[in-house]
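Chemist: The structure is given below, and queries will be raised subsequently.
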2 protein chains.
Amino acid sequence: MTERLFTFPTLNQAQIAQLTALGVEVVPASDWETATDIDIIFGWGEHGAAVLQNPQNHVRWIQTFSAGVDYLPLDWIQAHHVQVTNASGAYSAAIAESTIGYLLYFLRDFNDAVKNQAGHFWQVPARTELATLANQKVVIYGTGSIGQHIAELLNGFGNYPFGVNRSGHGVAGFQGTVSLKDDAELVKDADVIINAMPATAETTHYFNTAYFDQLNGVRIFVNVGRGKSVDENALMHALLYQNVLNAALDVFEHEPLPKDSKLWDYPNVLITPHQTGFDVDNVRPIFGYLTDNLKSWEADGTLSVNLVDVSRGY
Amino acid sequence: MTERLFTFPTLNQAQIAQLTALGVEVVPASDWETATDIDIIFGWGEHGAAVLQNPQNHVRWIQTFSAGVDYLPLDWIQAHHVQVTNASGAYSAAIAESTIGYLLYFLRDFNDAVKNQAGHFWQVPARTELATLANQKVVIYGTGSIGQHIAELLNGFGNYPFGVNRSGHGVAGFQGTVSLKDDAELVKDADVIINAMPATAETTHYFNTAYFDQLNGVRIFVNVGRGKSVDENALMHALLYQNVLNAALDVFEHEPLPKDSKLWDYPNVLITPHQTGFDVDNVRPIFGYLTDNLKSWEADGTLSVNLVDVSRGY
C-alpha cells in the first residue's frame with residue numbers, strides 16, 4: 001500500500017525518486033490546504049498542526065528536521081499515538097565545532113580584537129588575559145549526541161571535560177559525570193559551562209538566579225541547547241556582577257531575539273541567530289534518517305532511527 | 001667563574017634565586033647604561049643592540065623570548081660568533097589554538113554575527129554559507145613546531161592537512177607535504193591556507209600578487225608566521241577580487257599596523273595585534289629553555305635547546 005508523505009523541506013528530483021522507489025507518494029508543503037490521507041510528515045512548519053490534526057489525514061509518524069521537538073504539539077501527539085523520530089546527530093558535529101569556536105573566540109581574545117579593529121586600535125592585551133583551551137575546566141550539561149561531540153573535540157585539545165546528565169551515568173570522552181541534582185560542587189570552580197540539554201520541564205530555567213549566584217567568575221557560559229533552559233534576566237545579572245565573565249548564545253527564550261533585548265549590547269556576549277548546527281551538508285544525514293526509518297516502517301512497522309520518547313520530550 | 005646575565009623580562013625572586021644557584025649573576029634591564037662584563041642576554045628590547053655591541057661586554061649567547069629572531073642584528077651576531085637560542089615551541093600550542101579559532105570564526109559565520117549583533121539584527125544565514133572544519137582542504141606553510149601543533153589540533157577534527165616546507169620532507173600529522181617550489185598544484189583547490197613560516201630571505205613576500213593570482217576563491221588565508229612573508233597590497237587586491245574570501249592576520253609588514261592601513265576596514269578580515277601566542281603560562285617554558293641551556297653551557301659550553309642557525313635565520 002502506498003503511504004503518503006507530506007514534506008515541508010523542498011526535495012529534489014533524486015530525493016523524490018528515492019522515496020517513490022520506497023513505495024511512498026510525496027506531497028509538497030504547498031498542498032497543505034487540499035491534501036488528504038497523509039500518513040507521514042517530514043519536517044515541520046507554519047501549517048504543521050493543521051496537517052497533523054486534519055481528520056481527513058491519519059498521520060502516524062513525524063520525522064522532524066530538528067533535534068529538539070519541543071515546538072511540536074506533544075500532548076496531542078501522545079494522545080493520538082503518533083510516533084516521532086528526530087534529527088538528533090545530524091547537527092552535532094557542526095554544533096560541536098561552533099562551540100569550540102565560541103570558546104576560542106573568548107579565550108584567544110578575539111572579542112576585544114574585533115572591537116579594537118573597528119576603531120583601528122592596535123591594543124595588545126596582557127599575556128595574562130589569554131589562556132589555552134587545554135587548561136580550562138569545562139562542564140557540559142547534556143551528554144547526548146551534542147555533548148559527546150563537544151567532548152570528543154575537546155579531547156583533541158588535551159581537554160577532558162566533566163558531564164552533567166539525568167542519572168550521572170558515565171559517558172566516553174568525559175573524565176567524570178554527575179547527575180543534575182549533584183552539580184553544585186562541580187561547577188564551583190569551573191572555567192567553562194556549556195548547556196547542550198534538550199528543553200523539558202526539568203530543564204526549563206535550570207540556569208536561573210540561584211544557579212548563577214553559586215558561581216564565582218566562570219570565564220565562559222555557552223548555550224547551544226535550548227533558550228528556555230536559561231533565565232535571560234538572571235544571566236544578564238550574572239554578567240553584570242561577574243559571576244559569568246563572558247557568554248556565547250545561539251538560542252534564546254524568544255526567537256528571533258527581540259530587537260530591544262538588552263542582551264544585544266553586552267560587550268562580553270556573542271550572539272548568533274540559532275545557526276550553530278548549520279552546515280552546507282545538513283540535508284544528507286537527515287534524509288538518511290527518513291529513508292532508514294521508511295525501510296523499517298515498510299518492513300515491520302518499526303522506526304529504527306532516532307525514535308523520540310514523546311512523554312519525556314526527547 | 002660567575003657569568004653575568006642581562007635580562008629584559010623582569011624576573012621574580014624565585015627565578016633570580018634559581019639562576020644564582022646555576023652560577024649566574026642577574027643584571028636587570030634598567031642597568032643597561034652602566035652594566036659591563038655581560039656574557040649572556042635573555043630576551044630583547046629597546047637597548048638590546050647597545051648592550052650587545054658595547055665593547056665593555058663580551059656577549060657570547062642570546063636566549064630570546066621569541067620564536068622568530070629576524071629582529072636581531074644577525075649580520076653583527078654572525079660576524080662576532082654570538083650564539084642564539086630561541087623560544088621555539090613555547091608559543092606553538094597557543095598559536096595553534098588561535099589558528100583553529102580563526103578558522104571557526106569564519107567557517108561558523110561568527111564574522112557576520114558580530115556585525116549583525118552591533119545593529120541588533122537577527123539575520124539567519126543560509127545553511128549553505130556554513131561549513132565544518134572537518135571538510136576543508138587545509139594547506140600549512142611551515143611544518144616546524146607551530147605547523148605541527150596546528151596539524152595535531154586539525155587531526156582532532158578529523159582533518160588531515162597538507163604541508164609545505166623547504167625540502168618537501170614528510171611530517172607526522174600531515175597527509176602529504178611538498179617543497180616550496182612545488183606548491184602550485186596543491187593550493188589550486190585549497191579551502192584554507194595558513195602561513196606559519198619564519199621570516200627569511202626565501203619567505204619574504206612569498207605571498208605576492210603572482211601567488212594570490214593562481215588562487216580561485218580560497219575560503220580563508222591565515223598569517224601567524226611573520227608579516228614580511230605577505231605583500232599586503234597583493235593580499236588586499238586578492239580580497240577585493242575574491243581570490244581570497246576571508247583573512248585572519250596576526251602579523252603585519254609594519255607593526256603596529258598603521259592607523260591608516262586600509263586592512264582595518266576590510267569586512268572579511270580579522271585583525272589581532274600579534275597576540276596569537278600569548279598565554280597566561282608563557283614564561284614557564286621559556287624560563288625552562290634558559291635554565292636547560294645554562295646547565296649545558298656551564299657543563300661543556302654547549303647550548304642544548306633551540307639553537308638557531310644564524311646564517312639561515314631560524
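Residues are named by chain letter and number: chains run A, B, ... in the order of the C-alpha cells, numbers start at 1 in each chain, and ligands are numbered from 1 in the order shown.
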Residues within 9 Å of Glu97 (chain A), please, as a PyMOL selection string. Count only C-alpha atoms; anything in the same chain fewer than 2 positions from it doesn't count.

Modeler: (chain A and resi 92-95+99-102+149-150+153+276-277) or (chain B and resi 104+108+132-134+157)

Chemist: Any chance you can output those residues with N, CA and C atoms as an mmCIF file, in the first residue's frame?

Modeler:
data_model
loop_
_atom_site.group_PDB
_atom_site.id
_atom_site.type_symbol
_atom_site.label_atom_id
_atom_site.label_comp_id
_atom_site.auth_asym_id
_atom_site.auth_seq_id
_atom_site.Cartn_x
_atom_site.Cartn_y
_atom_site.Cartn_z
ATOM 1 N N SER A 92 25.106 17.579 15.278
ATOM 2 C CA SER A 92 26.029 17.534 16.419
ATOM 3 C C SER A 92 27.446 17.951 16.044
ATOM 4 N N ALA A 93 27.935 17.488 14.893
ATOM 5 C CA ALA A 93 29.314 17.813 14.509
ATOM 6 C C ALA A 93 29.467 19.320 14.315
ATOM 7 N N ALA A 94 28.486 19.923 13.623
ATOM 8 C CA ALA A 94 28.561 21.366 13.383
ATOM 9 C C ALA A 94 28.396 22.156 14.681
ATOM 10 N N ILE A 95 27.468 21.716 15.549
ATOM 11 C CA ILE A 95 27.276 22.419 16.831
ATOM 12 C C ILE A 95 28.541 22.312 17.682
ATOM 13 N N THR A 99 30.812 25.362 19.025
ATOM 14 C CA THR A 99 31.077 25.532 20.454
ATOM 15 C C THR A 99 32.564 25.741 20.708
ATOM 16 N N ILE A 100 33.407 24.956 20.054
ATOM 17 C CA ILE A 100 34.856 25.163 20.194
ATOM 18 C C ILE A 100 35.218 26.561 19.689
ATOM 19 N N GLY A 101 34.585 26.985 18.598
ATOM 20 C CA GLY A 101 34.820 28.333 18.075
ATOM 21 C C GLY A 101 34.455 29.415 19.081
ATOM 22 N N TYR A 102 33.314 29.242 19.750
ATOM 23 C CA TYR A 102 32.916 30.185 20.810
ATOM 24 C C TYR A 102 34.008 30.289 21.888
ATOM 25 N N HIS A 149 29.891 14.958 21.108
ATOM 26 C CA HIS A 149 30.706 15.520 20.024
ATOM 27 C C HIS A 149 31.592 16.658 20.546
ATOM 28 N N ILE A 150 31.050 17.477 21.427
ATOM 29 C CA ILE A 150 31.869 18.558 22.004
ATOM 30 C C ILE A 150 33.023 17.952 22.797
ATOM 31 N N LEU A 153 35.837 16.687 20.530
ATOM 32 C CA LEU A 153 36.708 17.746 20.009
ATOM 33 C C LEU A 153 37.605 18.299 21.114
ATOM 34 N N THR A 276 24.210 27.432 14.991
ATOM 35 C CA THR A 276 25.418 26.638 15.251
ATOM 36 C C THR A 276 25.399 25.294 14.545
ATOM 37 N N GLY A 277 24.196 24.750 14.280
ATOM 38 C CA GLY A 277 24.131 23.435 13.644
ATOM 39 C C GLY A 277 24.170 23.495 12.127
ATOM 40 N N LEU B 104 37.369 28.677 12.687
ATOM 41 C CA LEU B 104 35.977 28.501 13.102
ATOM 42 C C LEU B 104 35.233 29.840 13.076
ATOM 43 N N ARG B 108 32.128 29.116 10.830
ATOM 44 C CA ARG B 108 30.863 29.062 11.553
ATOM 45 C C ARG B 108 30.132 30.411 11.517
ATOM 46 N N THR B 132 31.918 22.871 7.929
ATOM 47 C CA THR B 132 32.668 22.335 9.061
ATOM 48 C C THR B 132 34.152 22.239 8.709
ATOM 49 N N LEU B 133 34.961 22.409 9.738
ATOM 50 C CA LEU B 133 36.418 22.329 9.589
ATOM 51 C C LEU B 133 36.830 20.944 9.113
ATOM 52 N N ALA B 134 36.060 19.944 9.521
ATOM 53 C CA ALA B 134 36.377 18.569 9.127
ATOM 54 C C ALA B 134 36.495 18.433 7.613
ATOM 55 N N PHE B 157 39.840 17.196 14.633
ATOM 56 C CA PHE B 157 38.581 17.497 13.927
ATOM 57 C C PHE B 157 38.374 16.534 12.756
#

Chemist: What would you get as a short mmCIF file (atom, residue, chain, number, x, y, z; two decimals) with C-alpha atoms, in the first residue's frame if chain A were moved onto chain B by least squares over all of its C-alpha atoms in order?

Modeler:
data_model
loop_
_atom_site.label_atom_id
_atom_site.label_comp_id
_atom_site.auth_asym_id
_atom_site.auth_seq_id
_atom_site.Cartn_x
_atom_site.Cartn_y
_atom_site.Cartn_z
CA MET A 1 83.46 31.53 37.17
CA THR A 2 80.34 33.58 37.56
CA GLU A 3 78.71 34.58 34.27
CA ARG A 4 76.70 37.79 34.05
CA LEU A 5 73.23 37.50 32.54
CA PHE A 6 71.45 40.64 31.34
CA THR A 7 67.67 40.14 31.42
CA PHE A 8 65.03 42.16 29.60
CA PRO A 9 62.04 40.39 31.21
CA THR A 10 61.57 41.27 34.86
CA LEU A 11 62.28 38.15 36.89
CA ASN A 12 60.72 37.26 40.24
CA GLN A 13 62.72 36.35 43.35
CA ALA A 14 62.34 32.60 42.81
CA GLN A 15 63.64 32.88 39.25
CA ILE A 16 66.61 35.03 40.30
CA ALA A 17 67.43 32.53 43.06
CA GLN A 18 67.27 29.68 40.53
CA LEU A 19 69.70 31.47 38.21
CA THR A 20 72.03 32.35 41.05
CA ALA A 21 72.11 28.70 42.09
CA LEU A 22 73.20 27.90 38.53
CA GLY A 23 76.19 30.19 39.02
CA VAL A 24 74.83 33.23 37.19
CA GLU A 25 74.69 36.85 38.32
CA VAL A 26 71.50 38.57 37.12
CA VAL A 27 71.71 42.13 35.76
CA PRO A 28 68.33 43.87 35.28
CA ALA A 29 67.50 45.76 32.06
CA SER A 30 67.34 49.06 33.98
CA ASP A 31 71.15 48.86 34.31
CA TRP A 32 71.72 48.90 30.54
CA GLU A 33 73.82 52.07 30.52
CA THR A 34 76.28 51.10 33.26
CA ALA A 35 76.43 47.30 33.05
CA THR A 36 79.71 45.77 31.90
CA ASP A 37 81.13 42.26 31.53
CA ILE A 38 77.83 40.85 30.25
CA ASP A 39 78.13 37.26 28.93
CA ILE A 40 74.52 36.32 28.25
CA ILE A 41 71.44 38.27 27.15
CA PHE A 42 67.94 36.99 28.01
CA GLY A 43 65.16 38.49 25.87
CA TRP A 44 65.53 41.62 23.75
CA GLY A 45 64.36 45.21 23.83
CA GLU A 46 65.06 48.82 23.03
CA HIS A 47 68.72 48.85 24.11
CA GLY A 48 69.54 45.32 23.05
CA ALA A 49 72.01 46.33 20.34
CA ALA A 50 73.79 48.75 22.69
CA VAL A 51 74.30 46.03 25.29
CA LEU A 52 75.32 43.47 22.68
CA GLN A 53 77.81 45.71 20.91
CA ASN A 54 79.27 47.50 23.97
CA PRO A 55 83.01 46.67 23.83
CA GLN A 56 83.03 46.40 27.64
CA ASN A 57 80.72 43.39 27.30
CA HIS A 58 81.58 40.05 25.73
CA VAL A 59 78.21 38.54 24.92
CA ARG A 60 78.52 35.00 23.61
CA TRP A 61 74.92 33.85 23.84
CA ILE A 62 71.45 35.36 23.48
CA GLN A 63 68.39 33.44 24.71
CA THR A 64 65.41 35.15 23.07
CA PHE A 65 61.89 35.39 24.44
CA SER A 66 60.50 34.96 20.90
CA ALA A 67 60.41 32.15 18.35
CA GLY A 68 61.38 34.39 15.40
CA VAL A 69 64.80 36.11 15.59
CA ASP A 70 64.63 38.27 12.45
CA TYR A 71 64.66 41.50 14.51
CA LEU A 72 68.17 40.75 15.89
CA PRO A 73 71.29 42.26 14.20
CA LEU A 74 72.05 38.86 12.64
CA ASP A 75 74.97 39.98 10.49
CA TRP A 76 76.80 41.44 13.50
CA ILE A 77 75.92 38.36 15.56
CA GLN A 78 77.28 36.01 12.91
CA ALA A 79 80.47 38.06 12.44
CA HIS A 80 81.11 38.01 16.20
CA HIS A 81 80.25 34.32 16.69
CA VAL A 82 77.49 35.01 19.20
CA GLN A 83 75.22 32.00 19.65
CA VAL A 84 71.44 32.42 19.68
CA THR A 85 68.80 30.15 21.18
CA ASN A 86 65.14 30.99 20.64
CA ALA A 87 61.80 30.31 22.33
CA SER A 88 60.54 28.03 19.56
CA GLY A 89 57.83 25.79 20.97
CA ALA A 90 56.82 28.04 23.86
CA TYR A 91 54.07 29.69 21.82
CA SER A 92 53.14 26.88 19.46
CA ALA A 93 50.23 25.48 21.48
CA ALA A 94 48.65 28.91 21.92
CA ILE A 95 49.25 29.89 18.27
CA ALA A 96 47.71 26.62 17.11
CA GLU A 97 44.62 27.20 19.26
CA SER A 98 44.30 30.75 17.93
CA THR A 99 44.57 29.43 14.38
CA ILE A 100 41.75 26.94 14.92
CA GLY A 101 39.76 29.81 16.44
CA TYR A 102 40.35 31.92 13.32
CA LEU A 103 39.12 29.12 11.06
CA LEU A 104 35.97 28.49 13.11
CA TYR A 105 35.30 32.24 13.30
CA PHE A 106 34.84 32.31 9.54
CA LEU A 107 33.56 28.76 8.87
CA ARG A 108 30.85 29.03 11.57
CA ASP A 109 29.94 32.53 10.38
CA PHE A 110 30.74 34.44 13.56
CA ASN A 111 32.15 37.23 11.41
CA ASP A 112 28.67 38.12 10.14
CA ALA A 113 27.06 37.45 13.53
CA VAL A 114 29.33 39.98 15.28
CA LYS A 115 28.44 42.67 12.76
CA ASN A 116 24.71 41.85 12.91
CA GLN A 117 24.78 41.88 16.71
CA ALA A 118 26.01 45.47 16.71
CA GLY A 119 22.84 46.47 14.83
CA HIS A 120 20.50 44.11 16.74
CA PHE A 121 19.91 42.19 13.48
CA TRP A 122 18.65 38.60 13.80
CA GLN A 123 19.92 37.62 10.36
CA VAL A 124 19.86 33.83 9.92
CA PRO A 125 22.42 32.77 7.31
CA ALA A 126 21.71 30.15 4.65
CA ARG A 127 22.72 26.64 5.71
CA THR A 128 24.96 26.55 2.66
CA GLU A 129 27.05 29.48 3.95
CA LEU A 130 28.36 27.44 6.90
CA ALA A 131 30.79 24.55 6.71
CA THR A 132 32.69 22.29 9.06
CA LEU A 133 36.43 22.30 9.58
CA ALA A 134 36.42 18.53 9.14
CA ASN A 135 35.67 19.00 5.43
CA GLN A 136 38.16 21.71 4.49
CA LYS A 137 41.32 21.16 2.45
CA VAL A 138 43.96 22.89 4.57
CA VAL A 139 47.50 23.76 3.41
CA ILE A 140 50.02 24.85 6.06
CA TYR A 141 53.23 26.66 5.07
CA GLY A 142 55.90 25.77 7.60
CA THR A 143 55.96 22.36 9.25
CA GLY A 144 58.04 23.24 12.31
CA SER A 145 56.76 23.47 15.85
CA ILE A 146 53.83 25.80 15.03
CA GLY A 147 52.77 23.97 11.88
CA GLN A 148 52.92 20.62 13.65
CA HIS A 149 50.80 21.88 16.55
CA ILE A 150 48.18 23.22 14.13
CA ALA A 151 48.15 19.90 12.26
CA GLU A 152 47.72 18.00 15.52
CA LEU A 153 44.67 20.05 16.52
CA LEU A 154 43.22 19.71 13.00
CA ASN A 155 43.62 15.94 13.26
CA GLY A 156 41.28 16.07 16.27
CA PHE A 157 38.62 17.49 13.93
CA GLY A 158 39.18 14.61 11.52
CA ASN A 159 41.14 16.94 9.24
CA TYR A 160 44.49 15.87 7.79
CA PRO A 161 46.22 18.92 6.31
CA PHE A 162 48.90 19.27 3.66
CA GLY A 163 52.24 20.87 4.46
CA VAL A 164 54.74 22.97 2.54
CA ASN A 165 58.36 23.21 3.67
CA ARG A 166 61.84 23.82 2.20
CA SER A 167 62.60 20.30 1.07
CA GLY A 168 59.18 18.66 0.91
CA HIS A 169 60.11 16.13 3.61
CA GLY A 170 57.24 14.29 5.26
CA VAL A 171 56.01 15.30 8.73
CA ALA A 172 53.71 13.49 11.17
CA GLY A 173 50.11 14.76 11.25
CA PHE A 174 50.17 15.84 7.58
CA GLN A 175 48.64 13.72 4.82
CA GLY A 176 51.29 15.01 2.45
CA THR A 177 54.00 17.64 2.07
CA VAL A 178 55.63 19.39 -0.89
CA SER A 179 58.55 21.79 -1.21
CA LEU A 180 58.04 25.54 -1.50
CA LYS A 181 58.75 25.49 -5.24
CA ASP A 182 56.25 22.69 -5.89
CA ASP A 183 53.15 24.12 -4.19
CA ALA A 184 51.19 25.29 -7.26
CA GLU A 185 49.12 22.14 -7.78
CA LEU A 186 48.41 21.80 -4.06
CA VAL A 187 47.00 25.27 -3.45
CA LYS A 188 44.84 25.46 -6.57
CA ASP A 189 41.84 23.89 -4.85
CA ALA A 190 42.73 24.61 -1.22
CA ASP A 191 39.98 25.87 1.08
CA VAL A 192 42.34 27.19 3.76
CA ILE A 193 45.95 28.46 3.51
CA ILE A 194 47.93 29.08 6.70
CA ASN A 195 51.34 30.77 6.85
CA ALA A 196 53.47 29.63 9.79
CA MET A 197 56.91 30.14 8.21
CA PRO A 198 59.77 32.11 9.79
CA ALA A 199 60.92 35.36 8.15
CA THR A 200 63.90 34.67 5.88
CA ALA A 201 65.11 35.98 2.55
CA GLU A 202 63.33 33.04 0.92
CA THR A 203 59.96 33.75 2.55
CA THR A 204 59.92 37.56 2.19
CA HIS A 205 56.82 38.50 0.13
CA TYR A 206 56.32 34.85 -0.72
CA PHE A 207 52.59 35.59 -0.74
CA ASN A 208 52.61 38.17 -3.53
CA THR A 209 50.42 39.07 -6.49
CA ALA A 210 51.56 36.08 -8.54
CA TYR A 211 50.80 33.79 -5.62
CA PHE A 212 47.31 35.11 -4.99
CA ASP A 213 46.49 35.28 -8.72
CA GLN A 214 46.77 31.51 -9.00
CA LEU A 215 44.04 31.01 -6.35
CA ASN A 216 40.38 30.76 -7.10
CA GLY A 217 38.36 31.75 -4.08
CA VAL A 218 40.36 30.29 -1.20
CA ARG A 219 37.97 30.47 1.72
CA ILE A 220 40.39 31.59 4.45
CA PHE A 221 43.99 32.87 4.41
CA VAL A 222 45.74 32.96 7.79
CA ASN A 223 49.05 34.60 8.72
CA VAL A 224 50.48 33.56 12.09
CA GLY A 225 54.07 33.46 10.76
CA ARG A 226 55.70 36.77 10.01
CA GLY A 227 54.25 39.92 8.44
CA LYS A 228 57.08 40.25 5.91
CA SER A 229 56.01 37.03 4.19
CA VAL A 230 52.86 38.70 2.85
CA ASP A 231 52.68 41.56 0.34
CA GLU A 232 49.74 43.32 1.99
CA ASN A 233 48.78 45.26 -1.14
CA ALA A 234 48.62 41.99 -3.07
CA LEU A 235 46.49 40.44 -0.32
CA MET A 236 44.06 43.36 -0.32
CA HIS A 237 43.76 43.06 -4.11
CA ALA A 238 43.06 39.33 -3.72
CA LEU A 239 40.39 40.05 -1.08
CA LEU A 240 38.71 42.61 -3.33
CA TYR A 241 38.71 40.29 -6.34
CA GLN A 242 37.77 37.25 -4.28
CA ASN A 243 40.79 35.12 -4.94
CA VAL A 244 40.77 35.09 -1.15
CA LEU A 245 37.35 35.29 0.55
CA ASN A 246 38.44 35.90 4.15
CA ALA A 247 41.68 36.53 6.00
CA ALA A 248 42.79 36.34 9.62
CA LEU A 249 46.02 38.20 10.32
CA ASP A 250 48.09 38.41 13.49
CA VAL A 251 51.31 39.81 11.97
CA PHE A 252 51.93 42.66 9.55
CA GLU A 253 54.59 44.26 7.36
CA HIS A 254 54.71 47.16 9.82
CA GLU A 255 53.71 46.71 13.45
CA PRO A 256 51.73 48.28 14.97
CA LEU A 257 49.57 48.15 11.83
CA PRO A 258 49.40 51.83 10.82
CA LYS A 259 46.20 53.64 11.81
CA ASP A 260 45.51 54.50 8.16
CA SER A 261 46.01 50.99 6.77
CA LYS A 262 43.06 50.02 4.61
CA LEU A 263 43.24 46.49 6.06
CA TRP A 264 41.42 47.59 9.23
CA ASP A 265 38.20 48.22 7.32
CA TYR A 266 37.98 45.07 5.21
CA PRO A 267 34.74 43.41 6.37
CA ASN A 268 36.14 39.96 5.59
CA VAL A 269 39.39 40.41 7.56
CA LEU A 270 39.97 39.66 11.25
CA ILE A 271 42.92 41.56 12.73
CA THR A 272 44.59 40.64 16.02
CA PRO A 273 47.61 42.62 17.33
CA HIS A 274 50.39 39.98 17.27
CA GLN A 275 48.86 38.12 20.20
CA THR A 276 48.14 34.58 18.97
CA GLY A 277 50.98 33.12 21.04
CA PHE A 278 49.98 34.85 24.27
CA ASP A 279 49.14 32.70 27.25
CA VAL A 280 48.96 33.31 30.96
CA ASP A 281 51.55 30.52 31.16
CA ASN A 282 54.09 31.84 28.57
CA VAL A 283 57.04 32.55 30.85
CA ARG A 284 57.33 29.07 32.35
CA PRO A 285 58.52 27.18 29.24
CA ILE A 286 60.83 29.99 28.12
CA PHE A 287 62.48 30.22 31.52
CA GLY A 288 62.86 26.45 31.22
CA TYR A 289 64.78 26.82 27.93
CA LEU A 290 67.06 29.38 29.61
CA THR A 291 67.89 27.15 32.59
CA ASP A 292 68.27 24.00 30.47
CA ASN A 293 70.72 25.85 28.25
CA LEU A 294 72.53 27.34 31.25
CA LYS A 295 73.11 23.85 32.63
CA SER A 296 74.68 22.52 29.42
CA TRP A 297 76.56 25.83 28.91
CA GLU A 298 78.12 25.58 32.36
CA ALA A 299 78.81 21.86 31.95
CA ASP A 300 80.49 21.77 28.54
CA GLY A 301 79.89 25.07 26.76
CA THR A 302 77.07 23.76 24.56
CA LEU A 303 73.49 25.01 24.23
CA SER A 304 71.16 22.03 24.38
CA VAL A 305 67.79 23.59 23.47
CA ASN A 306 66.56 25.63 20.47
CA LEU A 307 69.94 26.60 18.99
CA VAL A 308 69.38 28.89 15.99
CA ASP A 309 71.31 28.54 12.71
CA VAL A 310 72.14 32.26 12.47
CA SER A 311 73.10 31.97 8.79
CA ARG A 312 69.62 30.66 7.93
CA GLY A 313 67.83 32.92 10.38
CA TYR A 314 65.86 30.26 12.27
#

Chemist: Assign secondary structure with DSSP using the backbone only, and return the residues of region 13-213 of chain B in strand (DSSP E) as an MDAnalysis selection string.

Modeler: chainID B and resid 24:28 40:42 61:63 83:85 138:141 162:165 176:179 192:195

Chemist: Write down as a PyMOL selection string the residues belonging to region 174-302 of chain A that are assigned alpha helix (DSSP H) by DSSP computed on the backbone.

Modeler: chain A and resi 184-188+209-213+232-240+283-300
